[in-house]
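As stored in work.cif (mmCIF, C-alpha atoms):
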```cif
data_final
loop_
_atom_site.group_PDB
_atom_site.id
_atom_site.type_symbol
_atom_site.label_atom_id
_atom_site.label_comp_id
_atom_site.auth_asym_id
_atom_site.auth_seq_id
_atom_site.Cartn_x
_atom_site.Cartn_y
_atom_site.Cartn_z
ATOM 1 C CA MET A 545 0.000 0.000 0.000
ATOM 2 C CA LYS A 546 2.837 2.350 0.887
ATOM 3 C CA ILE A 547 4.532 1.549 -2.419
ATOM 4 C CA PHE A 548 1.290 2.311 -4.257
ATOM 5 C CA ARG A 549 0.924 5.666 -2.469
ATOM 6 C CA LEU A 550 4.552 6.497 -3.180
ATOM 7 C CA ALA A 551 4.049 5.736 -6.870
ATOM 8 C CA ILE A 552 1.014 8.020 -6.999
ATOM 9 C CA LEU A 553 2.941 10.767 -5.215
ATOM 10 C CA LEU A 554 5.853 10.504 -7.647
ATOM 11 C CA TYR A 555 3.443 10.595 -10.589
ATOM 12 C CA LEU A 556 1.740 13.718 -9.248
ATOM 13 C CA LEU A 557 5.074 15.424 -8.612
ATOM 14 C CA THR A 558 6.231 14.608 -12.135
ATOM 15 C CA PHE A 559 2.979 15.964 -13.570
ATOM 16 C CA ILE A 560 3.234 19.159 -11.521
ATOM 17 C CA VAL A 561 6.850 19.742 -12.575
ATOM 18 C CA LYS A 562 6.049 19.190 -16.258
ATOM 19 C CA ASN A 563 3.036 21.453 -16.040
ATOM 20 C CA ALA A 564 5.058 24.135 -14.259
ATOM 21 C CA ASN A 565 7.742 23.926 -16.923
ATOM 22 C CA ALA A 566 5.132 24.358 -19.631
ATOM 23 C CA GLN A 567 3.639 27.342 -17.822
ATOM 24 C CA ASN A 568 7.076 28.883 -17.414
ATOM 25 C CA GLY A 569 7.752 28.644 -21.141
ATOM 26 C CA LYS A 570 10.220 25.749 -21.147
ATOM 27 C CA LEU A 571 10.012 25.285 -24.884
ATOM 28 C CA ALA A 572 12.061 22.597 -26.584
ATOM 29 C CA ASP A 573 14.938 23.271 -28.962
ATOM 30 C CA ASP A 574 13.987 20.285 -31.088
ATOM 31 C CA PRO A 575 11.881 21.653 -34.005
ATOM 32 C CA ALA A 576 9.291 18.858 -33.927
ATOM 33 C CA GLN A 577 8.787 19.056 -30.160
ATOM 34 C CA PHE A 578 8.719 22.841 -30.277
ATOM 35 C CA MET A 579 5.967 22.918 -32.888
ATOM 36 C CA THR A 580 3.827 20.568 -30.804
ATOM 37 C CA GLN A 581 4.298 22.862 -27.806
ATOM 38 C CA LEU A 582 3.592 25.989 -29.853
ATOM 39 C CA ARG A 583 0.337 24.568 -31.164
ATOM 40 C CA LYS A 584 -0.748 23.574 -27.658
ATOM 41 C CA MET A 585 0.096 27.043 -26.397
ATOM 42 C CA MET A 586 -1.969 28.728 -29.124
ATOM 43 C CA GLU A 587 -4.818 26.231 -28.672
ATOM 44 C CA GLY A 588 -4.903 27.255 -25.026
ATOM 45 C CA SER A 589 -6.179 30.678 -26.096
ATOM 46 C CA ARG A 590 -9.368 29.071 -27.485
ATOM 47 C CA ASN A 591 -9.333 31.830 -30.098
ATOM 48 C CA PRO A 592 -9.594 30.584 -33.706
ATOM 49 C CA GLN A 593 -7.695 33.650 -34.947
ATOM 50 C CA PHE A 594 -4.713 32.621 -32.815
ATOM 51 C CA ILE A 595 -5.018 28.864 -33.336
ATOM 52 C CA ARG A 596 -5.278 28.913 -37.140
ATOM 53 C CA PRO A 597 -1.862 30.530 -37.830
ATOM 54 C CA ALA A 598 -0.098 27.874 -35.730
ATOM 55 C CA VAL A 599 -1.840 25.105 -37.668
ATOM 56 C CA GLN A 600 -0.838 26.729 -40.965
ATOM 57 C CA LEU A 601 2.769 27.137 -39.848
ATOM 58 C CA ASP A 602 2.871 23.517 -38.697
ATOM 59 C CA SER A 603 1.803 22.388 -42.183
ATOM 60 C CA ILE A 604 5.018 23.800 -43.724
ATOM 61 C CA TRP A 605 7.318 23.772 -40.675
ATOM 62 C CA MET A 606 9.425 20.778 -41.700
ATOM 63 C CA SER A 607 9.244 21.267 -45.473
ATOM 64 C CA ALA A 608 9.558 25.001 -46.199
ATOM 65 C CA ILE A 609 11.641 26.272 -43.266
ATOM 66 C CA ASN A 610 15.262 25.189 -42.955
ATOM 67 C CA PRO A 611 16.937 24.207 -39.641
ATOM 68 C CA GLN A 612 18.701 27.571 -39.251
ATOM 69 C CA GLN A 613 15.431 29.447 -39.732
ATOM 70 C CA GLN A 614 13.661 27.094 -37.344
ATOM 71 C CA ALA A 615 16.303 27.738 -34.679
ATOM 72 C CA LYS A 616 16.000 31.505 -35.112
ATOM 73 C CA PHE A 617 12.197 31.399 -34.943
ATOM 74 C CA ILE A 618 12.332 29.226 -31.815
ATOM 75 C CA GLY A 619 14.718 31.735 -30.241
ATOM 76 C CA ILE A 620 12.358 34.634 -31.024
ATOM 77 C CA VAL A 621 9.414 32.828 -29.450
ATOM 78 C CA LYS A 622 11.460 31.898 -26.380
ATOM 79 C CA THR A 623 12.490 35.524 -25.920
ATOM 80 C CA GLN A 624 8.867 36.631 -25.975
ATOM 81 C CA VAL A 625 7.788 33.886 -23.578
ATOM 82 C CA ALA A 626 10.588 34.932 -21.214
ATOM 83 C CA LYS A 627 9.171 38.467 -21.375
ATOM 84 C CA GLY A 628 5.791 37.156 -20.274
ATOM 85 C CA GLN A 629 4.064 36.779 -23.625
ATOM 86 C CA LYS A 630 1.431 34.074 -23.987
ATOM 87 C CA ALA A 631 -0.897 32.995 -26.770
ATOM 88 C CA GLY A 632 -2.262 36.258 -28.135
ATOM 89 C CA ALA A 633 -2.140 38.840 -30.896
ATOM 90 C CA LEU A 634 1.641 39.318 -30.811
ATOM 91 C CA MET A 635 2.404 35.608 -31.141
ATOM 92 C CA ALA A 636 -0.236 35.210 -33.839
ATOM 93 C CA LEU A 637 1.268 38.075 -35.865
ATOM 94 C CA LEU A 638 4.760 36.593 -35.550
ATOM 95 C CA ILE A 639 3.487 33.217 -36.740
ATOM 96 C CA ARG A 640 1.432 34.692 -39.605
ATOM 97 C CA ASN A 641 4.353 36.733 -40.944
ATOM 98 C CA THR A 642 6.677 33.735 -40.779
ATOM 99 C CA GLN A 643 4.225 31.350 -42.421
ATOM 100 C CA ALA A 644 3.294 33.785 -45.202
ATOM 101 C CA LEU A 645 6.902 34.575 -46.105
ATOM 102 C CA ALA A 646 7.998 30.936 -45.985
ATOM 103 C CA LYS A 647 5.214 30.078 -48.410
ATOM 104 C CA LYS A 648 5.120 33.170 -50.642
ATOM 105 C CA SER A 649 8.631 34.684 -50.510
ATOM 106 C CA PRO A 650 11.043 32.228 -48.842
ATOM 107 C CA GLU A 651 14.063 34.264 -49.954
ATOM 108 C CA LYS A 652 12.883 37.095 -47.672
ATOM 109 C CA LEU A 653 12.329 34.982 -44.564
ATOM 110 C CA ASP A 654 15.890 35.301 -43.231
ATOM 111 C CA GLY A 655 15.667 39.089 -43.359
ATOM 112 C CA PHE A 656 12.343 39.108 -41.550
ATOM 113 C CA LEU A 657 13.599 36.765 -38.829
ATOM 114 C CA ASP A 658 16.640 39.002 -38.280
ATOM 115 C CA VAL A 659 14.349 42.015 -37.902
ATOM 116 C CA ALA A 660 11.994 40.116 -35.587
ATOM 117 C CA ALA A 661 14.875 38.857 -33.431
ATOM 118 C CA ASN A 662 16.328 42.354 -32.995
ATOM 119 C CA ALA A 663 13.017 44.142 -32.518
ATOM 120 C CA GLY A 664 11.663 41.441 -30.220
ATOM 121 C CA GLU A 665 14.674 41.674 -27.941
ATOM 122 C CA LYS A 666 15.041 45.456 -27.982
ATOM 123 C CA TYR A 667 11.468 46.756 -27.874
ATOM 124 C CA ASP A 668 8.559 46.388 -25.504
ATOM 125 C CA ALA A 669 5.574 44.245 -26.468
ATOM 126 C CA LYS A 670 3.480 47.147 -27.797
ATOM 127 C CA THR A 671 6.224 48.379 -30.134
ATOM 128 C CA PHE A 672 7.151 44.883 -31.305
ATOM 129 C CA GLN A 673 3.508 44.106 -32.048
ATOM 130 C CA LYS A 674 3.299 47.302 -34.111
ATOM 131 C CA VAL A 675 6.349 46.199 -36.127
ATOM 132 C CA LEU A 676 4.731 42.836 -36.836
ATOM 133 C CA GLN A 677 1.393 44.452 -37.720
ATOM 134 C CA THR A 678 3.024 46.885 -40.158
ATOM 135 C CA SER A 679 4.878 44.019 -41.822
ATOM 136 C CA LEU A 680 1.866 41.734 -42.213
ATOM 137 C CA PRO A 681 0.038 43.232 -45.258
ATOM 138 C CA ILE A 682 3.047 42.953 -47.575
ATOM 139 C CA THR A 683 3.809 39.402 -46.451
ATOM 140 C CA GLU A 684 0.258 38.211 -47.113
ATOM 141 C CA SER A 685 -0.679 40.348 -50.141
ATOM 142 C CA ASN A 686 0.586 43.145 -52.386
ATOM 143 C CA LYS A 687 -0.475 45.851 -49.933
ATOM 144 C CA LEU A 688 1.659 48.006 -47.697
ATOM 145 C CA TYR A 689 -1.450 49.072 -45.779
ATOM 146 C CA GLY A 690 -5.129 48.243 -45.894
ATOM 147 C CA SER A 691 -8.246 49.340 -44.019
ATOM 148 C CA ASN A 692 -11.946 49.904 -44.664
ATOM 149 C CA TYR A 693 -11.174 53.504 -45.639
ATOM 150 C CA ASN A 694 -7.958 53.461 -47.622
ATOM 151 C CA SER A 695 -5.228 51.181 -48.930
ATOM 152 C CA LEU A 696 -1.708 51.497 -50.263
ATOM 153 C CA TYR A 697 -0.770 48.911 -52.882
ATOM 154 C CA LEU A 698 2.697 47.954 -54.060
ATOM 155 C CA LEU A 699 2.041 47.425 -57.773
ATOM 156 C CA GLY A 700 5.651 46.875 -58.756
ATOM 157 C CA GLY A 701 9.170 46.632 -57.407
ATOM 158 C CA ASP A 702 10.743 44.550 -54.679
ATOM 159 C CA PHE A 703 11.289 44.712 -50.926
ATOM 160 C CA THR A 704 13.776 43.423 -48.360
ATOM 161 C CA TYR A 705 13.919 43.467 -44.566
ATOM 162 C CA ARG A 706 16.707 45.129 -42.605
ATOM 163 C CA PHE A 707 17.381 46.200 -39.023
ATOM 164 C CA ASP A 708 19.364 49.441 -38.859
ATOM 165 C CA ALA A 709 20.830 49.168 -35.370
ATOM 166 C CA LYS A 710 23.262 52.082 -35.743
ATOM 167 C CA ALA A 711 20.644 54.629 -36.754
ATOM 168 C CA ASP A 712 18.151 53.206 -34.270
ATOM 169 C CA SER A 713 20.483 53.997 -31.385
ATOM 170 C CA THR A 714 20.551 57.716 -32.216
ATOM 171 C CA VAL A 715 17.185 58.538 -33.778
ATOM 172 C CA VAL A 716 14.551 60.403 -31.775
ATOM 173 C CA LYS A 717 11.062 59.321 -32.727
ATOM 174 C CA GLU A 718 8.921 62.239 -33.850
ATOM 175 C CA THR A 719 5.436 62.750 -32.502
ATOM 176 C CA GLU A 720 2.921 61.552 -35.045
ATOM 177 C CA THR A 721 0.578 64.253 -36.267
ATOM 178 C CA ALA A 722 -3.043 63.863 -35.318
ATOM 179 C CA ASN A 723 -4.276 65.219 -38.661
ATOM 180 C CA ASP A 724 -4.750 62.388 -41.154
ATOM 181 C CA GLY A 725 -5.895 64.640 -43.980
ATOM 182 C CA TRP A 726 -9.436 63.267 -44.334
ATOM 183 C CA ASN A 727 -11.261 66.584 -43.887
ATOM 184 C CA THR A 728 -9.439 68.558 -46.570
ATOM 185 C CA PRO A 729 -11.834 70.113 -49.148
ATOM 186 C CA VAL A 730 -11.806 68.434 -52.544
ATOM 187 C CA ASP A 731 -10.729 71.558 -54.420
ATOM 188 C CA SER A 732 -7.494 71.733 -52.399
ATOM 189 C CA SER A 733 -6.549 68.109 -52.882
ATOM 190 C CA LEU A 734 -3.419 68.948 -54.802
ATOM 191 C CA VAL A 735 -1.205 71.999 -54.446
ATOM 192 C CA ILE A 736 2.044 72.880 -56.163
ATOM 193 C CA ALA A 737 3.823 75.916 -54.763
ATOM 194 C CA PRO A 738 7.414 76.907 -54.005
ATOM 195 C CA THR A 739 8.355 76.273 -50.395
ATOM 196 C CA LYS A 740 11.365 75.923 -48.169
ATOM 197 C CA SER A 741 12.528 72.333 -47.872
ATOM 198 C CA ALA A 742 11.966 70.597 -44.549
ATOM 199 C CA PRO A 743 14.276 67.832 -43.299
ATOM 200 C CA LEU A 744 13.046 64.324 -44.000
ATOM 201 C CA PRO A 745 12.365 61.922 -41.113
ATOM 202 C CA ILE A 746 15.050 59.402 -40.189
ATOM 203 C CA VAL A 747 14.077 55.793 -40.818
ATOM 204 C CA ALA A 748 15.822 53.505 -38.335
ATOM 205 C CA GLY A 749 15.523 50.192 -36.556
ATOM 206 C CA PRO A 750 13.234 47.671 -38.302
ATOM 207 C CA VAL A 751 12.804 48.789 -41.906
ATOM 208 C CA LEU A 752 11.415 47.536 -45.179
ATOM 209 C CA ASP A 753 13.650 48.627 -48.059
ATOM 210 C CA LEU A 754 11.774 49.199 -51.334
ATOM 211 C CA GLN A 755 13.413 49.076 -54.754
ATOM 212 C CA ASN A 756 11.706 50.487 -57.887
ATOM 213 C CA ALA A 757 8.421 50.639 -56.011
ATOM 214 C CA THR A 758 5.247 51.693 -57.796
ATOM 215 C CA PHE A 759 2.536 52.775 -55.354
ATOM 216 C CA ALA A 760 -1.228 52.976 -55.707
ATOM 217 C CA MET A 761 -3.040 55.089 -53.098
ATOM 218 C CA VAL A 762 -6.721 54.197 -52.938
ATOM 219 C CA ALA A 763 -9.191 56.065 -50.738
ATOM 220 C CA GLY A 764 -12.944 55.906 -51.158
ATOM 221 C CA GLY A 765 -13.731 57.138 -54.655
ATOM 222 C CA ASP A 766 -10.205 58.359 -55.289
ATOM 223 C CA SER A 767 -6.969 56.724 -56.414
ATOM 224 C CA VAL A 768 -3.573 57.674 -57.772
ATOM 225 C CA VAL A 769 -0.507 55.771 -58.988
ATOM 226 C CA PHE A 770 3.071 57.037 -58.683
ATOM 227 C CA GLY A 771 6.629 55.708 -58.863
ATOM 228 C CA PRO A 772 8.963 53.964 -59.382
ATOM 229 C CA ALA A 773 10.719 55.053 -56.202
ATOM 230 C CA ASN A 774 13.485 53.803 -53.938
ATOM 231 C CA GLY A 775 13.351 54.172 -50.179
ATOM 232 C CA SER A 776 12.525 52.572 -46.852
ATOM 233 C CA VAL A 777 9.455 52.093 -44.673
ATOM 234 C CA SER A 778 9.825 52.237 -40.903
ATOM 235 C CA LEU A 779 8.034 49.163 -39.589
ATOM 236 C CA ARG A 780 7.794 50.915 -36.246
ATOM 237 C CA ASP A 781 5.694 53.902 -37.318
ATOM 238 C CA GLY A 782 4.799 53.312 -40.990
ATOM 239 C CA MET A 783 6.787 56.246 -42.390
ATOM 240 C CA PHE A 784 8.191 55.910 -45.915
ATOM 241 C CA VAL A 785 11.222 58.011 -46.847
ATOM 242 C CA GLY A 786 12.568 57.842 -50.380
ATOM 243 C CA LYS A 787 13.133 59.585 -53.676
ATOM 244 C CA ASN A 788 12.318 59.539 -57.388
ATOM 245 C CA GLY A 789 9.159 58.589 -59.195
ATOM 246 C CA LYS A 790 6.560 60.200 -61.407
ATOM 247 C CA PHE A 791 3.139 61.399 -60.272
ATOM 248 C CA THR A 792 0.664 61.568 -63.172
ATOM 249 C CA TRP A 793 -2.901 62.724 -63.687
ATOM 250 C CA GLN A 794 -3.738 59.736 -65.884
ATOM 251 C CA THR A 795 -6.511 58.544 -63.567
ATOM 252 C CA ALA A 796 -8.062 62.023 -63.855
ATOM 253 C CA GLY A 797 -8.075 61.789 -67.631
ATOM 254 C CA ASP A 798 -4.985 63.797 -68.609
ATOM 255 C CA SER A 799 -1.707 61.890 -68.879
ATOM 256 C CA THR A 800 0.112 64.955 -70.287
ATOM 257 C CA ILE A 801 0.312 66.480 -66.795
ATOM 258 C CA TYR A 802 2.870 64.923 -64.495
ATOM 259 C CA ALA A 803 5.339 65.757 -61.748
ATOM 260 C CA ASP A 804 8.839 64.360 -61.292
ATOM 261 C CA LEU A 805 9.395 63.703 -57.594
ATOM 262 C CA ASP A 806 12.633 64.318 -55.731
ATOM 263 C CA ALA A 807 13.063 63.286 -52.064
ATOM 264 C CA TYR A 808 9.877 62.934 -50.016
ATOM 265 C CA SER A 809 8.159 61.066 -47.207
ATOM 266 C CA PHE A 810 4.648 59.954 -46.335
ATOM 267 C CA ASN A 811 2.876 57.775 -43.803
ATOM 268 C CA ILE A 812 1.717 54.567 -45.475
ATOM 269 C CA ASN A 813 -1.405 54.552 -43.262
ATOM 270 C CA HIS A 814 -2.748 57.814 -44.712
ATOM 271 C CA PRO A 815 -3.795 58.669 -48.302
ATOM 272 C CA ARG A 816 -1.615 61.747 -48.470
ATOM 273 C CA LEU A 817 1.602 62.607 -50.285
ATOM 274 C CA LEU A 818 3.778 65.677 -49.705
ATOM 275 C CA ALA A 819 6.777 65.958 -52.029
ATOM 276 C CA GLU A 820 8.944 69.067 -51.983
ATOM 277 C CA ASN A 821 11.283 70.038 -54.832
ATOM 278 C CA SER A 822 8.979 68.396 -57.358
ATOM 279 C CA THR A 823 8.958 69.460 -61.002
ATOM 280 C CA LEU A 824 5.580 69.905 -62.693
ATOM 281 C CA HIS A 825 5.355 69.303 -66.453
ATOM 282 C CA SER A 826 2.470 70.208 -68.755
ATOM 283 C CA ASP A 827 2.834 71.117 -72.416
ATOM 284 C CA ASN A 828 -0.778 72.296 -72.502
ATOM 285 C CA TYR A 829 -0.730 74.539 -69.430
ATOM 286 C CA LEU A 830 2.890 75.556 -68.806
ATOM 287 C CA ALA A 831 5.491 77.285 -70.953
ATOM 288 C CA ALA A 832 8.229 75.568 -68.919
ATOM 289 C CA PRO A 833 8.436 73.091 -66.022
ATOM 290 C CA VAL A 834 7.713 74.516 -62.568
ATOM 291 C CA LYS A 835 9.535 73.662 -59.346
ATOM 292 C CA GLY A 836 7.529 73.434 -56.157
ATOM 293 C CA THR A 837 5.835 71.236 -53.580
ATOM 294 C CA LEU A 838 3.274 68.653 -54.587
ATOM 295 C CA GLU A 839 0.631 67.753 -52.030
ATOM 296 C CA TYR A 840 -1.984 65.117 -52.740
ATOM 297 C CA ARG A 841 -4.800 64.188 -50.365
ATOM 298 C CA GLY A 842 -7.091 61.244 -51.054
ATOM 299 C CA ASP A 843 -10.822 61.912 -51.077
ATOM 300 C CA GLN A 844 -12.971 59.542 -49.041
ATOM 301 C CA THR A 845 -16.236 61.359 -49.753
ATOM 302 C CA HIS A 846 -16.767 59.887 -53.258
ATOM 303 C CA GLN A 847 -17.476 63.460 -54.432
ATOM 304 C CA ARG A 848 -14.694 63.831 -56.999
ATOM 305 C CA SER A 849 -16.243 63.229 -60.407
ATOM 306 C CA ALA A 850 -14.546 61.003 -62.965
ATOM 307 C CA GLY A 851 -12.172 62.823 -65.275
ATOM 308 C CA THR A 852 -11.855 65.847 -62.991
ATOM 309 C CA ILE A 853 -8.296 67.110 -62.584
ATOM 310 C CA PRO A 854 -7.513 68.066 -58.967
ATOM 311 C CA ALA A 855 -7.013 71.768 -58.356
ATOM 312 C CA LEU A 856 -3.539 73.143 -59.126
ATOM 313 C CA HIS A 857 -1.979 76.208 -57.538
ATOM 314 C CA PHE A 858 1.588 77.125 -58.475
ATOM 315 C CA GLU A 859 3.827 80.080 -59.221
#
```
For this file, produce the structure as C-alpha cells.
Amino acid sequence: MKIFRLAILLYLLTFIVKNANAQNGKLADDPAQFMTQLRKMMEGSRNPQFIRPAVQLDSIWMSAINPQQQAKFIGIVKTQVAKGQKAGALMALLIRNTQALAKKSPEKLDGFLDVAANAGEKYDAKTFQKVLQTSLPITESNKLYGSNYNSLYLLGGDFTYRFDAKADSTVVKETETANDGWNTPVDSSLVIAPTKSAPLPIVAGPVLDLQNATFAMVAGGDSVVFGPANGSVSLRDGMFVGKNGKFTWQTAGDSTIYADLDAYSFNINHPRLLAENSTLHSDNYLAAPVKGTLEYRGDQTHQRSAGTIPALHFE
C-alpha cells in the first residue's frame, strides 16, 4: 500500500513539474517538439484567430523552413515567452508573418527573422507588435497598408527586410501628427507651390527597403498611382522616406500632366503625399516646367467626379 501511495505521489510530482515547466515557457529546442508545444500554447487561447496561424505554420514547418530558420524562430518565441508573452495577438502576428513569407517569398524569410529577433529583444511588447502588424500586409498580399477607408498597394518593385541598429540607437522618434488629412476640401486636394525644404524623417531600426516601387493610393472614390521610387518604410511607425518617381494625372483623364518627384516622405497609413522640390510638367498649361511642392490628399467622400483634374496652384 505504501509503495502504491509512493508511486502516486511521484506521478503527481512529475505531472506538476512538467506542467510548471510548460507554464514557465520551457520550450524545446527540437523543431518537432517545439511545434507541438507551440500549437498547444496557441490552442490554449481558445481563439480561432490565434489557433489557425499555428496550424498553418505547422503544415510547412518541416518542409519550407530550414533548420537555421527554425532555430531563429524558436529563439524569437522563447524571448517573448521569457518576457511574459502568452498565446495572443503578438504571437499570432509573428506566426502569420513567418508562415506567409515561408510560403510566398522564402528568400525574404531570413531578413524578416533578423528584424523580428532584434526588434523582439530590444522593444517592448506594444512596439514589437506594431512592427509585426506593419509588416503583415506585404507578407500576405501586395499591400503596404489596408483598411476599410484606404489602402496602399505595391504594384511593382521589390522589398527586403533590414534592421538598422546604428541609426536606431541615435534617432529620436517624432510625434505623429493627429491630422490624417481626411477633412481637406476636394478643391485643395493637390497643391504645387514653391516652399522651403523641410528635413526628411530618419528611418531607423526595423525597416522595409523598397526598390523600384510603384505605389497605388486608394481612398474611397479616389486613387492615384506614382513611382517607381526607392526608399525605406519604418516598420515601427509606418513612415516611408525615399526619392524619385513620377506622379501623373492619368486617372483624372490627362496623362500629359505629371510631376517628377525628388526626395519625399509619407505615412503609409494615410492617403496623403507631400513631395517638396517636385517638377511639374504640362505642355498644354505651362510654358516651362515649374519647381515646387506637390501635395496630394485622397478623397474619401466619393465626391470627386470622374475625369476631374484636382485643383492646381503654383507660381
I need the residue nearest Asp574 in chain A from this list: A:Val625, A:Val751, A:Met586, A:Ala615. Use all atoms listed in the file for the distance.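 Checking each of A:Val625, A:Val751, A:Met586, A:Ala615 against Asp574 in chain A, counting all atoms listed in the file, the winner is A:Ala615.
Coordinates place CA of Ile620 in chain A at a distance of 7.1 Å from CA of Ala660 in chain A.
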d(CA of Tyr705 in chain A, CA of Leu754 in chain A) in Å: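 CA of Leu754 in chain A lies 9.1 Å from CA of Tyr705 in chain A.
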For the PyMOL selection byres ((chain A and resi 786) around 7), applied here, can you spell out every residue it catches as an MDAnalysis selection string? chainID A and resid 773:776 784:785 787 807:809
Selection dump of the PyMOL selection byres ((chain A and resi 745) around 9), as a list in words: Lys717, Glu718, Pro743, Leu744, Ile746, Val747, Met783, Phe784, Val785 and Ser809 of chain A
I'd like the neighbourhood of Gly700 in chain A as a ChimeraX atom specification, where a residue qualifies if any of its atoms comes within 6 Å (using only C-alpha atoms), though same-chain residues fewer than 2 positions away should be ignored. /A:698,757-758
Figure out the distance between CA of Leu752 in chain A and CA of Gln794 in chain A, please, to one decimal in Å.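 Going from CA of Gln794 in chain A over to CA of Leu752 in chain A, I get 28.4 Å.
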Residue IDs satisfying the PyMOL selection byres ((chain A and resi 638-655) around 8), as a VMD selection string: chain A and resid 597 to 598 600 to 601 604 608 to 609 613 634 to 637 656 to 659 676 679 to 680 683 to 684 704 to 706
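Proximity of A:Gln612, A:Asn813, A:Ser826, A:Ser778 to Thr800 in chain A, computed with only C-alpha atoms, is greatest for A:Ser826.
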Residue with smallest distance to Ile801 in chain A - pool A:His825, A:Arg816, A:Arg780, A:Lys674, counting only C-alpha atoms: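 Selected residue with least distance to Ile801 in chain A: A:His825.
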Hey, which of A:Pro750, A:Gly842, A:Gly771, A:Gly764 ends up closest to Ala663 in chain A? Count all atoms listed in the file.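 Going through A:Pro750, A:Gly842, A:Gly771, A:Gly764 one by one, the smallest distance to Ala663 in chain A is for A:Pro750.
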Between A:Val834, A:Ala576, A:Met585, A:Ile595, single out the one closest to Pro611 in chain A, counting only C-alpha atoms. A:Ala576
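Comparing the minimum interatomic distances between Phe707 in chain A and each of A:Gly664, A:Asn821, A:Lys670, A:Gly690, counting only C-alpha atoms, we find that A:Gly664 sits nearest.
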Can you tell me which residues surround Met761 in chain A at a distance of at most 6 Å, considering only C-alpha atoms, apart from same-chain residues fewer than 2 positions away, and format the answer as an MDAnalysis selection string? chainID A and resid 696 767:768
